[in-house]
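Contents: one structure, followed by commentary.
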Amino acid sequence: MAIRLRPVGEEDLAMLRRFKTEPGLIGLDWAGFRDPGTVDRRFAADSYLGEDDGGLIVEVETGPVAAGFVSYRWGQFGAAGRHVEIGIVLLPEWRGQGIGWRAQAMFCEYLFRHTPVHRIQAGTHPENIAEQKALEKAGFQFEGVIRGCEFRDGGWRDGYLYSRLRS
Ligand SMILES: CC(C)(COP(=O)(O)OP(=O)(O)OC[C@H]1O[C@@H](n2cnc3c(N)ncnc32)[C@H](O)[C@@H]1OP(=O)(O)O)[C@@H](O)C(=O)NCCC(=O)NCCS
């Protein structure tokens, strides 16, 4: 199944609003209801292509149909040189068909091509086996456990950190 990444369009806003308001649709990252109005405001502001964060639609070319969304956020650990953290969510009907790992690999190629980024990182949950496998297939390496890093589903939880380097 051929996929591509493309910018968010008006036709995608309904899906992005659903991610904010349908419990569990985004998977384990669900953290309660979020204002769906932020979607339209963000689209009006920069079409989700900001300098510091944003995202692209994962599109299945036959249709074509939007299958999900990949996100990026620039961050910095030390004195100089920023890294990117990526994230992904696919609609349930498009999961488990090889789209997730390919979309994340494709997104890395895009970022390495169009930005000077050296380090791309991604966090996931200890119980998210699909994302752990998808990241490894996309060329990421497991770096370690980030202890007690997020409040989710009633408690503080550990996270898993992965990265892929330009080199
Ligand atoms: C996580 C997610 C992006 C993975 O994408 P996907 O398209 O479903 O996964 P893929 O089809 O590319 O599969 C990648 C690997 O994971 C395995 N896998 C897929 N779904 C799985 C599941 N539910 N349980 C265990 N393994 C699974 C696949 O078999 C494949 O491994 P293999 O080649 O060794 O067989 C997608 O399931 C999703 O959007 N989930 C909800 C949101 C989410 O969890 N996002 C990440 C938050 S950190």
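In the structure tokens, each chain is lettered A, B, ... as it comes, each chain's residues begin at 1, and ligands are numbered from 1 in order of appearance.
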Neighbour list for range 78-85 of chain A as a ChimeraX atom specification, cut-off 7 Å, only C-alpha atoms, skip fewer than 2 positions in-chain | /A:72-76,87,117-122
Could I get the residue neighbourhood of ligand 1 at 7 Å, counting only C-alpha atoms and all ligand atoms, as JSON, numbers by chain?
-> {"A": [26, 27, 28, 29, 87, 88, 89, 90, 91, 92, 94, 95, 96, 97, 98, 99, 100, 101, 102, 123, 124, 125, 128, 129, 130, 131, 133, 134, 137]}
Write to file, as a compact mmCIF listing (two decimals), in the first residue's frame, the residues of the selection just made, with C-alpha atoms.
# COMPACT_ATOMS: atom_id res chain seq x y z
CA ILE A 26 -5.16 8.42 19.78
CA GLY A 27 -4.27 5.37 21.85
CA LEU A 28 -2.29 5.49 25.09
CA ASP A 29 -1.52 9.18 24.66
CA GLY A 87 5.11 11.36 17.16
CA ILE A 88 2.46 9.47 15.22
CA VAL A 89 -1.17 8.48 15.38
CA LEU A 90 -3.03 6.38 12.83
CA LEU A 91 -6.79 5.91 12.74
CA PRO A 92 -7.62 2.43 14.11
CA TRP A 94 -5.22 1.77 9.29
CA ARG A 95 -3.16 0.18 12.07
CA GLY A 96 -1.24 -3.09 11.75
CA GLN A 97 -0.77 -2.86 7.98
CA GLY A 98 2.81 -1.61 7.80
CA ILE A 99 1.88 2.07 7.52
CA GLY A 100 3.19 3.17 10.93
CA TRP A 101 6.79 2.11 10.57
CA ARG A 102 6.99 3.27 6.95
CA GLY A 123 9.15 8.38 23.13
CA THR A 124 6.66 5.62 23.69
CA HIS A 125 5.03 3.58 26.44
CA ASN A 128 3.01 0.01 23.30
CA ILE A 129 4.57 -2.97 21.54
CA ALA A 130 3.32 -1.86 18.12
CA GLU A 131 5.13 1.49 18.37
CA LYS A 133 8.46 -2.48 16.85
CA ALA A 134 7.50 0.25 14.38
CA LYS A 137 11.75 -1.08 11.85
Separation of CA of Leu5 in chain A from CA of Met106 in chain A in Å = 7.9 Å
Please provide the set of residues having any atom within 7 Å of range 8-19 of chain A, restricted to only C-alpha atoms, with same-chain residues fewer than 4 positions apart removed, written as a list in words.
-> Leu25, Ile26, Pro36, Val39, Asp40, Ser47, Tyr48, Leu56 and Ile57 of chain A
Would you mind telling me which residue in A:Gly37, A:Asp153, A:Tyr160, A:Val145 lies nearest to Pro23 in chain A when using only C-alpha atoms?
-> A:Asp153
Would you list the contacts of range 154-156 of chain A as a list in words, taking every protein, DNA or RNA residue within 12 Å and counting only C-alpha atoms, but skipping same-chain residues closer than 3 positions in sequence?
->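 Final neighbour list, sorted by chain and number: Trp30, Ala31, Gly32, His125, Ile146, Arg147, Gly148, Cys149, Glu150, Phe151 and Gly159 of chain A.
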Since we have the selection now, will you write its residues out, keeping C-alpha atoms, as a PDB file, in the first residue's frame?
ATOM      1  CA  TRP A  30      -5.156  10.002  25.443  1.00  0.00           C
ATOM      2  CA  ALA A  31      -5.050  12.425  28.382  1.00  0.00           C
ATOM      3  CA  GLY A  32      -8.651  13.612  28.553  1.00  0.00           C
ATOM      4  CA  HIS A 125       5.035   3.578  26.439  1.00  0.00           C
ATOM      5  CA  ILE A 146      12.636   7.604  31.282  1.00  0.00           C
ATOM      6  CA  ARG A 147      11.413   7.068  34.818  1.00  0.00           C
ATOM      7  CA  GLY A 148       8.129   8.545  35.999  1.00  0.00           C
ATOM      8  CA  CYS A 149       8.054  10.992  33.115  1.00  0.00           C
ATOM      9  CA  GLU A 150       4.354  11.362  32.392  1.00  0.00           C
ATOM     10  CA  PHE A 151       1.063  11.481  34.246  1.00  0.00           C
ATOM     11  CA  GLY A 159       8.413   6.049  29.177  1.00  0.00           C
TER      12      GLY A 159
END
Apply DSSP to the backbone of this structure and, from chain A, keep only the residues in helix (DSSP H, G or I); write these as a ChimeraX atom specification.
-> /A:10-21,27-29,37-46,92-94,99-114,129-137
Within range 40-142 of chain A, find each residue whose DSSP state, derived from the backbone, is strand (DSSP E), and express the selection as a short mmCIF file (atom, residue, chain, number, x, y, z; two decimals) with N, CA and C atoms, in the first residue's frame.
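Contents of the output file states.cif:
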data_model
loop_
_atom_site.label_atom_id
_atom_site.label_comp_id
_atom_site.auth_asym_id
_atom_site.auth_seq_id
_atom_site.Cartn_x
_atom_site.Cartn_y
_atom_site.Cartn_z
N ASP A 53 7.25 23.45 15.95
CA ASP A 53 6.48 22.19 15.98
C ASP A 53 5.42 22.22 14.89
N GLY A 54 4.84 21.05 14.66
CA GLY A 54 3.83 20.95 13.61
C GLY A 54 3.64 19.50 13.21
N GLY A 55 3.15 19.29 12.00
CA GLY A 55 2.93 17.91 11.58
C GLY A 55 2.48 17.81 10.14
N LEU A 56 2.43 16.56 9.68
CA LEU A 56 2.00 16.25 8.31
C LEU A 56 0.96 15.13 8.37
N ILE A 57 0.15 15.07 7.34
CA ILE A 57 -0.84 14.00 7.22
C ILE A 57 -0.19 12.77 6.58
N VAL A 58 -0.49 11.59 7.13
CA VAL A 58 -0.10 10.33 6.50
C VAL A 58 -1.26 9.93 5.59
N GLU A 59 -0.98 9.90 4.29
CA GLU A 59 -2.06 9.64 3.33
C GLU A 59 -1.81 8.33 2.59
N VAL A 60 -2.85 7.50 2.51
CA VAL A 60 -2.81 6.31 1.67
C VAL A 60 -3.16 6.77 0.26
N VAL A 65 -6.73 8.76 0.86
CA VAL A 65 -7.43 8.91 2.13
C VAL A 65 -6.43 9.16 3.26
N ALA A 66 -6.81 10.05 4.18
CA ALA A 66 -5.95 10.35 5.32
C ALA A 66 -6.01 9.21 6.32
N ALA A 67 -4.84 8.65 6.66
CA ALA A 67 -4.79 7.52 7.60
C ALA A 67 -4.33 7.98 8.98
N GLY A 68 -3.74 9.17 9.08
CA GLY A 68 -3.25 9.61 10.39
C GLY A 68 -2.38 10.85 10.26
N PHE A 69 -1.58 11.07 11.29
CA PHE A 69 -0.84 12.33 11.44
C PHE A 69 0.51 12.03 12.06
N VAL A 70 1.57 12.63 11.53
CA VAL A 70 2.88 12.59 12.20
C VAL A 70 3.22 14.00 12.67
N SER A 71 3.84 14.08 13.85
CA SER A 71 4.14 15.39 14.42
C SER A 71 5.64 15.55 14.65
N TYR A 72 6.09 16.80 14.71
CA TYR A 72 7.48 17.09 15.04
C TYR A 72 7.53 18.22 16.05
N ARG A 73 8.53 18.17 16.89
CA ARG A 73 8.76 19.24 17.85
C ARG A 73 10.27 19.37 18.06
N TRP A 74 10.79 20.56 17.83
CA TRP A 74 12.21 20.79 18.05
C TRP A 74 12.48 20.98 19.54
N GLY A 75 13.63 20.45 20.00
CA GLY A 75 14.02 20.62 21.39
C GLY A 75 15.53 20.75 21.47
N GLN A 76 16.02 21.00 22.67
CA GLN A 76 17.47 21.19 22.83
C GLN A 76 17.91 20.69 24.20
N ARG A 82 19.91 21.66 18.00
CA ARG A 82 18.57 21.17 18.39
C ARG A 82 18.31 19.79 17.82
N HIS A 83 17.51 19.00 18.54
CA HIS A 83 17.05 17.72 18.04
C HIS A 83 15.56 17.84 17.72
N VAL A 84 15.01 16.82 17.07
CA VAL A 84 13.57 16.78 16.79
C VAL A 84 12.97 15.57 17.49
N GLU A 85 11.80 15.76 18.09
CA GLU A 85 11.04 14.62 18.61
C GLU A 85 9.83 14.44 17.70
N ILE A 86 9.62 13.19 17.27
CA ILE A 86 8.47 12.92 16.39
C ILE A 86 7.43 12.09 17.13
N GLY A 87 6.20 12.16 16.63
CA GLY A 87 5.11 11.36 17.16
C GLY A 87 4.21 10.93 16.02
N ILE A 88 3.35 9.97 16.28
CA ILE A 88 2.46 9.47 15.22
C ILE A 88 1.16 8.97 15.82
N VAL A 89 0.08 9.17 15.07
CA VAL A 89 -1.17 8.48 15.38
C VAL A 89 -1.83 8.11 14.06
N LEU A 90 -2.25 6.84 13.98
CA LEU A 90 -3.03 6.38 12.83
C LEU A 90 -4.45 6.10 13.30
N ARG A 119 19.81 14.49 15.39
CA ARG A 119 19.17 13.49 16.25
C ARG A 119 17.65 13.61 16.17
N ILE A 120 17.00 12.49 15.83
CA ILE A 120 15.53 12.44 15.87
C ILE A 120 15.16 11.44 16.97
N GLN A 121 14.37 11.89 17.91
CA GLN A 121 13.99 11.00 19.01
C GLN A 121 12.49 10.77 19.02
N ALA A 122 12.09 9.69 19.69
CA ALA A 122 10.67 9.38 19.83
C ALA A 122 10.48 8.66 21.15
N GLY A 123 9.47 9.05 21.87
CA GLY A 123 9.15 8.38 23.13
C GLY A 123 7.93 7.49 22.93
N THR A 124 7.87 6.43 23.71
CA THR A 124 6.66 5.62 23.69
C THR A 124 6.45 4.99 25.07
N GLN A 141 16.86 3.25 17.59
CA GLN A 141 17.42 2.37 18.62
C GLN A 141 16.84 2.74 19.97
N PHE A 142 16.62 1.72 20.78
CA PHE A 142 16.15 1.94 22.14
C PHE A 142 17.27 2.56 22.97
#
